[in-house]
file work.txt (compact mmCIF, C-alpha atoms and all ligand atoms)
# COMPACT_ATOMS: atom_id res chain seq x y z
CA MET F 1 167.88 -139.96 114.50
CA LYS F 2 170.12 -136.95 114.64
CA ILE F 3 169.81 -133.33 115.64
CA VAL F 4 172.33 -130.54 115.05
CA LYS F 5 172.22 -127.41 117.21
CA GLU F 6 173.89 -124.14 116.15
CA GLN F 7 173.87 -120.47 117.08
CA PHE F 8 171.80 -118.61 114.45
CA ALA F 9 171.87 -115.03 115.70
CA GLU F 10 171.63 -112.75 118.73
CA PHE F 11 168.49 -110.78 119.45
CA ASP F 12 167.39 -108.74 122.45
CA GLY F 13 170.46 -109.88 124.40
CA LYS F 14 169.53 -113.50 123.78
CA VAL F 15 170.93 -116.19 121.52
CA VAL F 16 168.70 -117.44 118.72
CA THR F 17 169.44 -121.13 118.11
CA SER F 18 168.84 -123.25 115.05
CA TYR F 19 168.04 -126.95 115.28
CA THR F 20 168.30 -129.36 112.36
CA MET F 21 166.50 -132.69 112.60
CA ILE F 22 167.89 -135.31 110.19
CA ASN F 23 166.25 -138.66 109.44
CA LYS F 24 167.71 -141.82 107.96
CA ASN F 25 166.58 -140.90 104.41
CA GLY F 26 168.58 -137.70 104.50
CA MET F 27 165.50 -135.52 104.97
CA GLU F 28 166.34 -132.44 107.07
CA VAL F 29 164.17 -129.87 108.81
CA THR F 30 165.82 -126.75 110.23
CA THR F 31 163.98 -124.61 112.74
CA ILE F 32 164.93 -121.61 114.86
CA ASP F 33 163.54 -120.80 118.30
CA TYR F 34 162.60 -117.28 117.12
CA GLY F 35 158.96 -117.64 115.98
CA CYS F 36 159.45 -121.45 115.77
CA ILE F 37 160.38 -120.61 112.18
CA ILE F 38 161.01 -123.52 109.82
CA THR F 39 163.91 -122.11 107.81
CA LYS F 40 164.57 -125.15 105.60
CA ILE F 41 163.06 -128.48 104.64
CA LEU F 42 165.37 -130.63 102.52
CA VAL F 43 163.68 -133.53 100.71
CA PRO F 44 164.63 -135.74 97.75
CA ASP F 45 163.11 -135.42 94.27
CA ARG F 46 162.32 -138.48 92.11
CA GLU F 47 166.03 -138.85 91.25
CA GLY F 48 166.96 -138.70 94.92
CA ILE F 49 168.36 -135.15 94.70
CA VAL F 50 167.88 -133.48 98.08
CA GLU F 51 166.86 -129.82 97.92
CA ASN F 52 165.06 -127.18 99.96
CA VAL F 53 161.28 -126.86 99.51
CA VAL F 54 160.39 -123.85 101.69
CA LEU F 55 161.10 -120.11 101.49
CA GLY F 56 163.48 -118.97 104.21
CA PHE F 57 166.59 -116.97 105.08
CA ASP F 58 169.99 -117.67 106.62
CA THR F 59 170.00 -114.52 108.81
CA LEU F 60 167.64 -113.18 111.46
CA SER F 61 167.91 -109.64 110.11
CA GLU F 62 166.42 -110.73 106.77
CA TYR F 63 163.48 -112.32 108.62
CA GLN F 64 162.97 -109.10 110.57
CA LYS F 65 163.29 -106.87 107.52
CA TYR F 66 161.52 -108.76 104.75
CA SER F 67 159.72 -111.87 105.89
CA PRO F 68 155.97 -112.09 105.29
CA TYR F 69 155.79 -114.72 108.06
CA PHE F 70 158.02 -117.26 106.21
CA GLY F 71 157.75 -120.61 108.04
CA ALA F 72 156.64 -119.06 111.33
CA ILE F 73 154.06 -119.97 113.94
CA ILE F 74 151.15 -117.57 113.74
CA GLY F 75 149.11 -116.64 116.81
CA ARG F 76 147.37 -115.97 119.05
CA HIS F 77 144.89 -115.71 116.20
CA ALA F 78 145.93 -116.49 112.61
CA GLY F 79 144.06 -114.70 109.82
CA ARG F 80 142.19 -111.42 109.82
CA ILE F 81 139.83 -110.06 112.47
CA ALA F 82 137.63 -107.29 111.03
CA ASN F 83 138.23 -103.82 112.50
CA ALA F 84 140.65 -105.46 114.95
CA GLU F 85 137.96 -105.97 117.55
CA PHE F 86 135.74 -108.63 119.03
CA GLU F 87 133.39 -109.13 121.93
CA LEU F 88 133.63 -111.88 124.49
CA ASP F 89 131.07 -112.11 127.33
CA GLY F 90 130.07 -108.47 126.94
CA VAL F 91 133.65 -107.13 126.95
CA ASN F 92 135.04 -105.45 123.83
CA TYR F 93 138.63 -106.33 123.03
CA HIS F 94 140.72 -104.05 120.83
CA LEU F 95 143.66 -105.49 118.94
CA ALA F 96 146.40 -103.96 116.81
CA LYS F 97 145.18 -102.64 113.45
CA ASN F 98 148.15 -103.97 111.48
CA ASN F 99 146.44 -104.64 108.12
CA ASN F 100 144.19 -101.99 106.49
CA GLY F 101 142.51 -101.20 109.80
CA ASN F 102 142.05 -104.90 110.48
CA HIS F 103 143.99 -107.29 112.70
CA LEU F 104 146.25 -109.86 111.04
CA HIS F 105 148.22 -112.85 112.33
CA GLY F 106 148.27 -112.02 116.03
CA GLY F 107 149.33 -108.36 115.83
CA LEU F 108 152.52 -106.32 115.88
CA GLU F 109 154.53 -108.81 117.88
CA GLY F 110 152.77 -112.12 117.42
CA PHE F 111 154.04 -115.63 118.11
CA ASP F 112 156.24 -115.32 115.01
CA LYS F 113 158.42 -112.58 116.56
CA VAL F 114 159.26 -113.96 119.99
CA ILE F 115 161.88 -116.42 121.20
CA TRP F 116 160.42 -119.71 122.44
CA ASP F 117 162.03 -121.97 125.09
CA THR F 118 163.12 -125.20 123.43
CA GLU F 119 163.56 -128.82 124.50
CA VAL F 120 165.01 -131.52 122.27
CA VAL F 121 163.61 -135.05 122.39
CA GLU F 122 165.69 -137.64 120.51
CA GLU F 123 164.38 -141.11 119.86
CA GLU F 124 165.35 -144.02 117.63
CA GLU F 125 162.58 -143.50 115.04
CA ALA F 126 161.77 -139.79 115.54
CA THR F 127 163.12 -136.49 116.82
CA SER F 128 161.06 -133.69 118.33
CA LEU F 129 161.57 -130.06 119.15
CA VAL F 130 159.23 -128.86 121.85
CA PHE F 131 158.77 -125.09 122.05
CA HIS F 132 157.14 -123.28 124.98
CA TYR F 133 155.88 -119.72 125.23
CA LEU F 134 153.75 -117.90 127.77
CA SER F 135 151.60 -115.28 126.07
CA LYS F 136 150.67 -112.93 128.91
CA ASP F 137 147.19 -111.64 129.72
CA GLY F 138 146.66 -108.52 127.58
CA GLU F 139 149.50 -109.30 125.15
CA GLU F 140 148.57 -107.79 121.79
CA GLY F 141 145.14 -107.07 123.35
CA TYR F 142 144.07 -110.68 123.91
CA PRO F 143 142.65 -111.81 127.28
CA GLY F 144 144.17 -114.54 129.49
CA ASN F 145 147.62 -115.90 130.24
CA LEU F 146 147.95 -118.49 127.50
CA LYS F 147 150.57 -121.22 127.91
CA MET F 148 151.53 -122.48 124.45
CA LYS F 149 153.44 -125.58 123.50
CA VAL F 150 154.37 -126.32 119.88
CA THR F 151 155.96 -129.66 118.98
CA TYR F 152 157.64 -130.42 115.65
CA THR F 153 158.39 -134.11 115.13
CA LEU F 154 160.29 -135.62 112.21
CA ASN F 155 160.20 -139.39 111.66
CA ASN F 156 161.80 -141.84 109.23
CA GLN F 157 158.70 -141.91 106.99
CA ASN F 158 159.49 -138.34 105.87
CA GLU F 159 156.65 -136.99 107.98
CA LEU F 160 156.88 -133.74 109.87
CA GLN F 161 154.17 -133.42 112.47
CA LEU F 162 153.20 -130.05 113.95
CA SER F 163 151.26 -130.15 117.17
CA TYR F 164 149.97 -127.03 118.94
CA GLU F 165 148.61 -127.03 122.48
CA GLY F 166 147.40 -124.15 124.62
CA VAL F 167 145.73 -123.54 127.99
CA SER F 168 144.53 -120.18 129.26
CA ASP F 169 143.58 -118.97 132.75
CA LYS F 170 140.74 -116.88 131.25
CA LYS F 171 138.33 -117.39 128.37
CA THR F 172 140.16 -116.31 125.19
CA VAL F 173 140.52 -116.95 121.47
CA VAL F 174 143.13 -119.21 119.84
CA ASN F 175 143.72 -120.12 116.23
CA VAL F 176 147.30 -121.13 115.56
CA THR F 177 148.96 -122.26 112.35
CA ASN F 178 152.32 -122.49 110.60
CA HIS F 179 152.98 -120.14 107.71
CA ALA F 180 155.46 -122.19 105.63
CA TYR F 181 155.67 -121.14 101.98
CA PHE F 182 156.19 -124.30 99.93
CA ASN F 183 157.90 -124.61 96.57
CA LEU F 184 158.49 -128.24 95.64
CA SER F 185 160.66 -127.47 92.58
CA GLY F 186 163.72 -127.53 94.89
CA ASN F 187 165.91 -124.53 95.80
CA LEU F 188 163.31 -122.21 94.19
CA LYS F 189 164.11 -123.24 90.62
CA ARG F 190 160.62 -122.31 89.37
CA ASP F 191 157.54 -120.56 90.74
CA THR F 192 154.63 -122.66 92.03
CA LEU F 193 152.13 -122.01 89.22
CA ASN F 194 152.59 -125.48 87.71
CA HIS F 195 152.17 -127.23 91.05
CA THR F 196 148.98 -129.31 91.20
CA LEU F 197 146.83 -129.06 94.28
CA THR F 198 144.14 -131.56 95.25
CA LEU F 199 141.85 -130.47 98.08
CA LYS F 200 138.97 -132.38 99.63
CA SER F 201 136.86 -129.28 99.91
CA ASP F 202 133.37 -128.48 98.55
CA GLN F 203 133.17 -124.97 99.96
CA PHE F 204 135.25 -121.86 100.49
CA LEU F 205 134.66 -118.48 102.11
CA GLU F 206 133.73 -115.43 100.08
CA LEU F 207 136.05 -112.51 100.87
CA ASP F 208 135.61 -108.76 100.51
CA GLU F 209 138.18 -106.38 98.98
CA GLU F 210 140.09 -106.28 102.29
CA LEU F 211 140.27 -110.11 102.27
CA ILE F 212 137.86 -110.33 105.21
CA PRO F 213 135.18 -113.06 105.07
CA THR F 214 131.77 -111.62 104.14
CA GLY F 215 130.05 -114.45 106.03
CA LYS F 216 128.94 -116.15 102.83
CA ILE F 217 130.08 -119.73 102.16
CA LEU F 218 130.41 -120.48 98.45
CA SER F 219 130.37 -123.78 96.56
CA VAL F 220 133.52 -124.64 94.61
CA GLU F 221 131.41 -126.22 91.84
CA ASN F 222 132.21 -124.82 88.36
CA THR F 223 134.83 -122.39 89.68
CA ALA F 224 138.64 -122.19 89.72
CA PHE F 225 138.27 -123.03 93.43
CA ASP F 226 137.33 -126.63 92.65
CA PHE F 227 140.50 -128.56 93.55
CA ARG F 228 138.69 -131.84 94.23
CA ALA F 229 140.08 -133.60 91.16
CA GLY F 230 143.39 -131.70 91.19
CA ARG F 231 144.09 -128.34 89.57
CA ARG F 232 147.18 -126.30 88.79
CA LEU F 233 147.66 -123.05 90.68
CA ILE F 234 147.97 -121.17 87.40
CA ASP F 235 144.20 -121.50 86.91
CA GLY F 236 143.58 -118.89 89.61
CA THR F 237 145.80 -116.35 87.84
CA VAL F 238 143.86 -116.48 84.56
CA SER F 239 140.38 -116.81 86.10
CA ASN F 240 137.95 -113.90 85.86
CA ASP F 241 136.12 -115.03 88.98
CA PRO F 242 135.90 -111.86 91.13
CA GLN F 243 137.18 -113.89 94.09
CA ASN F 244 140.40 -114.74 92.21
CA VAL F 245 140.74 -111.17 91.02
CA LEU F 246 140.37 -109.59 94.47
CA ALA F 247 142.94 -112.00 95.89
CA GLY F 248 145.49 -110.41 93.51
CA LYS F 249 144.90 -112.88 90.67
CA GLY F 250 145.04 -116.13 92.53
CA TYR F 251 144.04 -117.49 95.89
CA ASP F 252 144.04 -116.18 99.44
CA HIS F 253 141.01 -118.10 100.69
CA PRO F 254 139.88 -120.37 103.51
CA PHE F 255 138.55 -123.72 102.25
CA LEU F 256 136.32 -125.85 104.45
CA LEU F 257 137.72 -129.38 104.59
CA ASN F 258 135.34 -132.28 104.01
CA ASP F 259 137.60 -134.84 105.63
CA ASN F 260 139.82 -134.72 108.64
CA ASN F 261 142.97 -136.80 108.91
CA ASN F 262 142.57 -138.50 105.56
CA LYS F 263 144.97 -137.10 102.96
CA GLU F 264 142.72 -134.06 102.54
CA ILE F 265 145.40 -131.86 100.97
CA HIS F 266 147.90 -132.97 98.30
CA LEU F 267 150.39 -130.71 96.58
CA PHE F 268 152.42 -132.15 93.72
CA ASP F 269 155.16 -130.91 91.40
CA GLU F 270 155.24 -133.07 88.28
CA GLU F 271 158.67 -131.90 87.12
CA SER F 272 160.58 -132.81 90.29
CA GLY F 273 158.25 -135.62 91.34
CA ARG F 274 158.01 -134.18 94.84
CA GLY F 275 154.70 -134.33 96.66
CA LEU F 276 153.34 -133.10 99.97
CA ILE F 277 150.36 -134.72 101.67
CA ILE F 278 148.80 -132.76 104.52
CA GLU F 279 146.48 -134.16 107.15
CA THR F 280 144.93 -132.10 109.93
CA ASN F 281 142.30 -132.13 112.66
CA GLN F 282 141.40 -128.52 111.77
CA PRO F 283 138.17 -127.53 109.96
CA ALA F 284 139.84 -125.44 107.25
CA VAL F 285 142.92 -124.66 105.22
CA VAL F 286 143.83 -121.20 103.96
CA LEU F 287 145.36 -121.44 100.51
CA TYR F 288 147.55 -118.36 100.06
CA ALA F 289 149.19 -118.50 96.63
CA GLY F 290 151.90 -115.92 97.38
CA THR F 291 149.99 -113.19 95.55
CA GLN F 292 151.46 -110.42 97.72
CA LEU F 293 155.07 -111.62 97.67
CA GLU F 294 157.28 -108.62 96.95
CA ASP F 295 160.29 -108.48 94.66
CA ASN F 296 162.52 -106.10 96.63
CA PHE F 297 164.62 -108.81 98.28
CA SER F 298 166.29 -112.13 97.53
CA ILE F 299 165.79 -115.50 99.12
CA ARG F 300 169.13 -117.34 99.32
CA GLY F 301 170.18 -115.78 96.03
CA VAL F 302 166.82 -116.07 94.24
CA LYS F 303 164.86 -112.89 93.67
CA SER F 304 161.53 -113.00 95.47
CA LYS F 305 158.45 -112.65 93.26
CA LYS F 306 154.74 -113.24 93.17
CA TYR F 307 153.79 -116.96 93.27
CA LEU F 308 157.30 -118.09 94.31
CA GLY F 309 155.82 -119.96 97.26
CA LEU F 310 152.40 -120.98 98.46
CA CYS F 311 150.99 -121.51 101.93
CA LEU F 312 148.56 -124.16 103.07
CA GLU F 313 147.61 -122.92 106.51
CA THR F 314 145.56 -125.51 108.39
CA GLN F 315 143.44 -123.72 110.97
CA GLY F 316 139.98 -122.53 112.05
CA LEU F 317 138.17 -119.87 110.04
CA PRO F 318 139.36 -116.27 110.08
CA ASP F 319 137.09 -113.66 111.68
CA SER F 320 134.96 -116.42 113.23
CA LEU F 321 134.42 -114.16 116.25
CA ASN F 322 132.31 -111.90 114.08
CA HIS F 323 130.46 -114.77 112.33
CA PRO F 324 128.59 -116.98 114.80
CA GLN F 325 127.82 -119.51 112.01
CA PHE F 326 131.58 -120.32 111.67
CA PRO F 327 133.31 -122.92 113.90
CA SER F 328 134.34 -121.07 117.06
CA ALA F 329 137.89 -119.98 117.96
CA ILE F 330 136.91 -119.44 121.59
CA LEU F 331 138.92 -121.34 124.18
CA GLU F 332 137.31 -121.66 127.62
CA LYS F 333 139.34 -121.12 130.80
CA ASP F 334 141.44 -124.26 131.51
CA GLU F 335 140.23 -125.99 128.34
CA VAL F 336 143.03 -127.52 126.23
CA TYR F 337 143.44 -126.27 122.65
CA HIS F 338 144.97 -128.97 120.47
CA SER F 339 145.58 -128.61 116.80
CA ILE F 340 147.60 -131.11 114.84
CA THR F 341 148.88 -131.21 111.26
CA THR F 342 151.18 -133.62 109.43
CA PHE F 343 153.24 -132.82 106.36
CA LYS F 344 154.29 -135.99 104.56
CA PHE F 345 156.81 -135.59 101.73
CA THR F 346 156.88 -138.05 98.85
CA ASN F 347 159.07 -138.45 95.75
C1 LIG G 401 148.40 -115.01 104.44
C2 LIG G 401 147.35 -114.23 103.75
C3 LIG G 401 147.45 -112.81 103.82
C4 LIG G 401 148.79 -112.19 103.96
C5 LIG G 401 149.78 -113.01 104.72
C6 LIG G 401 151.21 -112.65 104.54
O1 LIG G 401 147.97 -115.73 105.53
O2 LIG G 401 146.04 -114.65 104.07
O3 LIG G 401 146.67 -112.15 102.86
O4 LIG G 401 149.30 -111.71 102.82
O5 LIG G 401 149.58 -114.34 104.75
call {"tool": "encode", "arguments": {"input": "work.txt", "output": "structure tokens"}}
result
Amino acid sequence: MKIVKEQFAEFDGKVVTSYTMINKNGMEVTTIDYGCIITKILVPDREGIVENVVLGFDTLSEYQKYSPYFGAIIGRHAGRIANAEFELDGVNYHLAKNNNGNHLHGGLEGFDKVIWDTEVVEEEEATSLVFHYLSKDGEEGYPGNLKMKVTYTLNNQNELQLSYEGVSDKKTVVNVTNHAYFNLSGNLKRDTLNHTLTLKSDQFLELDEELIPTGKILSVENTAFDFRAGRRLIDGTVSNDPQNVLAGKGYDHPFLLNDNNNKEIHLFDEESGRGLIIETNQPAVVLYAGTQLEDNFSIRGVKSKKYLGLCLETQGLPDSLNHPQFPSAILEKDEVYHSITTFKFTN
């Protein structure tokens, strides 16, 4: 398999490099070492036409000016933490209040805004990019020196695997994900409202007006949140369910996954024939339907707008530190955090 390395930009006196992994089917994944951002994923449609299926830019300045985390790694803690604070072993930790007085996606300079060290591993049947970053004790308010390693692997079965590992020298919290915005129409020809999503999930988290979990776990039964038999994203925009309304007419919710590593998430675009199957070892997926996407910029010549892309963020539950009944995001000293997700593209 092949990999192409190019200079993407300069930032902070350093070179930002882009890496394109290409498999034998012509599928390409381009990533930059700034934020481990996936800038492009080119996959064929049912006619074999290869087009881009993620939202991204060709310049670093557009990422820095406009990007709502397009394609980036999110950490140390993805999702919201209420009032930007939590307690660990009797110590109160205060984080950046970067979202309505709450903490979001790791703070002001999270994992999405730093340059990662990169190694390339080329093999016959797969190519990997291995990114390393040391998040120092106290960075963005979090305790412990946390050594992170993120590996993106593309193989000849059109699978992109994302593996996240972390070890800290102090007890801390970790919940990492990738924030790719998918649009399977190809080169952003249409919005994502006619995409069909199938989710093996019986339950989702109730949110308050600030999109913080209330602590209540709701059943999907008889709601627009029931994706078990497949449902188009448009249903959330016309639903009067207060949970759809408060998410900006759509979805911005964590779903608890029933199954792990068994085709638990399937996104499909009938018109192009492109599909995406996601498997993960994580307990939840946040479905963010692009409800807050702004229209004051363009994405490779296409005007950005609400619902132009959607995120399926496999991860633990947001604000779990303040809800002891949720699966924990606490990582013990010297314990290894390992989260793994595979995106398989079909046509
Ligand atoms: C998602 C959402 C948020 C936010 C952000 C850009 O993860 O949960 O509400 O808009 O991304």
call {"tool": "residues_around", "arguments": {"input": "work.txt", "residues": "segment 71-79 of chain F", "least_positions_apart": "4", "cutoff": "9 Å", "atoms": "only C-alpha atoms", "output": "ChimeraX atom specification"}}
result
/F:31,34-40,54-56,103-107,110-113,135,140,142,146,150,173-181,212,286,315-319,329
call {"tool": "residues_around", "arguments": {"input": "work.txt", "residues": "Thr314 of chain F", "least_positions_apart": "5", "cutoff": "10 Å", "atoms": "only C-alpha atoms", "output": "ChimeraX atom specification"}}
result
/F:78,175-179,254-255,257,265,278-287,339-342
call {"tool": "closest_atom_pairs", "arguments": {"input": "work.txt", "of": "chain F", "to": "ligand LIG 401 (chain G)", "cutoff": "7 Å", "atoms": "all atoms listed in the file", "output": "JSON lines"}}
result
{"residue": "F:Pro68", "atom": "CA", "partner": "G:LIG401", "partner_atom": "C6", "distance": 4.9}
{"residue": "F:Tyr69", "atom": "CA", "partner": "G:LIG401", "partner_atom": "C6", "distance": 6.1}
{"residue": "F:Gly79", "atom": "CA", "partner": "G:LIG401", "partner_atom": "O1", "distance": 5.9}
{"residue": "F:Leu211", "atom": "CA", "partner": "G:LIG401", "partner_atom": "O3", "distance": 6.7}
{"residue": "F:Asp252", "atom": "CA", "partner": "G:LIG401", "partner_atom": "O2", "distance": 5.3}
{"residue": "F:His253", "atom": "CA", "partner": "G:LIG401", "partner_atom": "O2", "distance": 7.0}
{"residue": "F:Val286", "atom": "CA", "partner": "G:LIG401", "partner_atom": "O2", "distance": 6.9}
{"residue": "F:Tyr288", "atom": "CA", "partner": "G:LIG401", "partner_atom": "C2", "distance": 5.5}
{"residue": "F:Gln292", "atom": "CA", "partner": "G:LIG401", "partner_atom": "O4", "distance": 5.7}
call {"tool": "closest_residue", "arguments": {"input": "work.txt", "among": "F:Ala82, F:Glu335, F:Val238, F:Ser272", "to": "Lys171 of chain F", "atoms": "only C-alpha atoms"}}
result
F:Glu335
call {"tool": "closest_residue", "arguments": {"input": "work.txt", "among": "F:Met27, F:Leu160, F:Leu95, F:Val53", "to": "Asp269 of chain F", "atoms": "only C-alpha atoms"}}
result
F:Val53
call {"tool": "residues_around", "arguments": {"input": "work.txt", "residues": "Val29 of chain F", "least_positions_apart": "6", "cutoff": "10 Å", "atoms": "only C-alpha atoms", "output": "ChimeraX atom specification"}}
result
/F:3,19-23,38-43,52,152-154,160
call {"tool": "closest_residue", "arguments": {"input": "work.txt", "among": "F:Glu10, F:Phe70, F:Tyr251, F:Gly275", "to": "Phe57 of chain F", "atoms": "all atoms listed in the file"}}
result
F:Phe70
call {"tool": "atom_distance", "arguments": {"input": "work.txt", "atom1": "atom CA of Val16 of chain F", "atom2": "atom CA of Leu60 of chain F"}}
result
8.5 Å
call {"tool": "residues_around", "arguments": {"input": "work.txt", "residues": "Ser304 of chain F", "least_positions_apart": "3", "cutoff": "9 Å", "atoms": "all atoms listed in the file", "output": "ChimeraX atom specification"}}
result
/F:293-299,307-308
call {"tool": "write_last_selection", "arguments": {"input": "work.txt", "atoms": "C-alpha atoms", "output": "mmCIF file, in the coordinates of the input"}}
result
data_model
loop_
_atom_site.group_PDB
_atom_site.id
_atom_site.type_symbol
_atom_site.label_atom_id
_atom_site.label_comp_id
_atom_site.auth_asym_id
_atom_site.auth_seq_id
_atom_site.Cartn_x
_atom_site.Cartn_y
_atom_site.Cartn_z
ATOM 1 C CA LEU F 293 155.070 -111.620 97.670
ATOM 2 C CA GLU F 294 157.280 -108.620 96.950
ATOM 3 C CA ASP F 295 160.290 -108.480 94.660
ATOM 4 C CA ASN F 296 162.520 -106.100 96.630
ATOM 5 C CA PHE F 297 164.620 -108.810 98.280
ATOM 6 C CA SER F 298 166.290 -112.130 97.530
ATOM 7 C CA ILE F 299 165.790 -115.500 99.120
ATOM 8 C CA TYR F 307 153.790 -116.960 93.270
ATOM 9 C CA LEU F 308 157.300 -118.090 94.310
#
call {"tool": "atom_distance", "arguments": {"input": "work.txt", "atom1": "atom CA of Thr198 of chain F", "atom2": "atom CA of Leu276 of chain F"}}
result
10.5 Å
call {"tool": "closest_residue", "arguments": {"input": "work.txt", "among": "F:Asn240, F:Asn25, F:Ser320, F:Gln7", "to": "Glu159 of chain F", "atoms": "only C-alpha atoms"}}
result
F:Asn25
call {"tool": "closest_residue", "arguments": {"input": "work.txt", "among": "F:Asp208, F:Glu62, F:Glu28, F:Gly141", "to": "Asn92 of chain F", "atoms": "all atoms listed in the file"}}
result
F:Gly141
call {"tool": "residues_around", "arguments": {"input": "work.txt", "residues": "Gln203 of chain F", "least_positions_apart": "4", "cutoff": "7 Å", "atoms": "all atoms listed in the file", "output": "list in words"}}
result
Ile217, Leu218, Ser219, Val220, Phe255 and Leu256 of chain F
call {"tool": "write_last_selection", "arguments": {"input": "work.txt", "atoms": "C-alpha atoms", "output": "PDB file, keeping the file's coordinate frame"}}
result
ATOM      1  CA  ILE F 217     130.080-119.730 102.160  1.00  0.00           C
ATOM      2  CA  LEU F 218     130.410-120.480  98.450  1.00  0.00           C
ATOM      3  CA  SER F 219     130.370-123.780  96.560  1.00  0.00           C
ATOM      4  CA  VAL F 220     133.520-124.640  94.610  1.00  0.00           C
ATOM      5  CA  PHE F 255     138.550-123.720 102.250  1.00  0.00           C
ATOM      6  CA  LEU F 256     136.320-125.850 104.450  1.00  0.00           C
TER       7      LEU F 256
END
call {"tool": "closest_residue", "arguments": {"input": "work.txt", "among": "F:Asn183, F:Gln64, F:Glu209, F:Val15", "to": "Asn100 of chain F", "atoms": "only C-alpha atoms"}}
result
F:Glu209
call {"tool": "atom_distance", "arguments": {"input": "work.txt", "atom1": "atom CA of Lys189 of chain F", "atom2": "atom CA of Phe268 of chain F"}}
result
15.0 Å
call {"tool": "axis_aligned_box", "arguments": {"input": "work.txt", "around": "segment 297-316 of chain F", "padding_each_side": "6 Å", "output": "JSON"}}
result
{"center_x": 155.1, "center_y": -117.2, "center_z": 102.6, "size_x": 42.2, "size_y": 28.7, "size_z": 30.9}
call {"tool": "residues_near_point", "arguments": {"input": "work.txt", "point": "(158.9, -128.4, 122.7)", "cutoff": "7 Å", "atoms": "all atoms listed in the file", "output": "PyMOL selection string"}}
result
chain F and resi 118-120+129-132+149-151
call {"tool": "write_last_selection", "arguments": {"input": "work.txt", "atoms": "C-alpha atoms", "output": "short mmCIF file (atom, residue, chain, number, x, y, z; two decimals), in the frame of the given file"}}
result
data_model
loop_
_atom_site.label_atom_id
_atom_site.label_comp_id
_atom_site.auth_asym_id
_atom_site.auth_seq_id
_atom_site.Cartn_x
_atom_site.Cartn_y
_atom_site.Cartn_z
CA THR F 118 163.12 -125.20 123.43
CA GLU F 119 163.56 -128.82 124.50
CA VAL F 120 165.01 -131.52 122.27
CA LEU F 129 161.57 -130.06 119.15
CA VAL F 130 159.23 -128.86 121.85
CA PHE F 131 158.77 -125.09 122.05
CA HIS F 132 157.14 -123.28 124.98
CA LYS F 149 153.44 -125.58 123.50
CA VAL F 150 154.37 -126.32 119.88
CA THR F 151 155.96 -129.66 118.98
#
call {"tool": "residues_near_point", "arguments": {"input": "work.txt", "point": "(154.6, -137.2, 103.1)", "cutoff": "7 Å", "atoms": "only C-alpha atoms", "output": "list in words"}}
result
Asn158, Glu159, Leu276, Ile277, Phe343, Lys344, Phe345 and Thr346 of chain F
call {"tool": "decode", "arguments": {"input": "work.txt", "residues": "segment 54-66 of chain F", "atoms": "N, CA and C atoms", "output": "JSON list (two decimals), in the first residue's frame"}}
result
[["chain", "number", "residue", "atom", "x", "y", "z"],
["F", 54, "VAL", "N", -16.11, 13.30, 3.82],
["F", 54, "VAL", "CA", -16.04, 14.02, 5.11],
["F", 54, "VAL", "C", -15.88, 15.52, 4.88],
["F", 55, "LEU", "N", -16.30, 16.31, 5.86],
["F", 55, "LEU", "CA", -16.13, 17.76, 5.78],
["F", 55, "LEU", "C", -14.70, 18.10, 6.20],
["F", 56, "GLY", "N", -14.04, 18.94, 5.37],
["F", 56, "GLY", "CA", -12.67, 19.31, 5.69],
["F", 56, "GLY", "C", -12.21, 20.45, 4.81],
["F", 57, "PHE", "N", -11.03, 20.99, 5.14],
["F", 57, "PHE", "CA", -10.48, 22.13, 4.40],
["F", 57, "PHE", "C", -9.13, 21.77, 3.78],
["F", 58, "ASP", "N", -8.68, 22.64, 2.86],
["F", 58, "ASP", "CA", -7.36, 22.46, 2.27],
["F", 58, "ASP", "C", -6.31, 23.36, 2.90],
["F", 59, "THR", "N", -6.72, 24.25, 3.83],
["F", 59, "THR", "CA", -5.73, 25.12, 4.49],
["F", 59, "THR", "C", -5.90, 25.07, 6.01],
["F", 60, "LEU", "N", -4.76, 25.25, 6.69],
["F", 60, "LEU", "CA", -4.79, 25.24, 8.16],
["F", 60, "LEU", "C", -5.55, 26.45, 8.69],
["F", 61, "SER", "N", -5.40, 27.59, 8.00],
["F", 61, "SER", "CA", -6.07, 28.79, 8.53],
["F", 61, "SER", "C", -7.60, 28.63, 8.53],
["F", 62, "GLU", "N", -8.16, 27.91, 7.57],
["F", 62, "GLU", "CA", -9.61, 27.67, 7.61],
["F", 62, "GLU", "C", -9.98, 26.79, 8.81],
["F", 63, "TYR", "N", -9.14, 25.77, 9.08],
["F", 63, "TYR", "CA", -9.42, 24.96, 10.29],
["F", 63, "TYR", "C", -9.42, 25.85, 11.52],
["F", 64, "GLN", "N", -8.40, 26.73, 11.61],
["F", 64, "GLN", "CA", -8.27, 27.55, 12.83],
["F", 64, "GLN", "C", -9.37, 28.60, 12.94],
["F", 65, "LYS", "N", -9.87, 29.05, 11.81],
["F", 65, "LYS", "CA", -10.89, 30.11, 11.82],
["F", 65, "LYS", "C", -12.31, 29.57, 11.95],
["F", 66, "TYR", "N", -12.61, 28.49, 11.24],
["F", 66, "TYR", "CA", -14.01, 28.08, 11.13],
["F", 66, "TYR", "C", -14.36, 26.70, 11.69]]
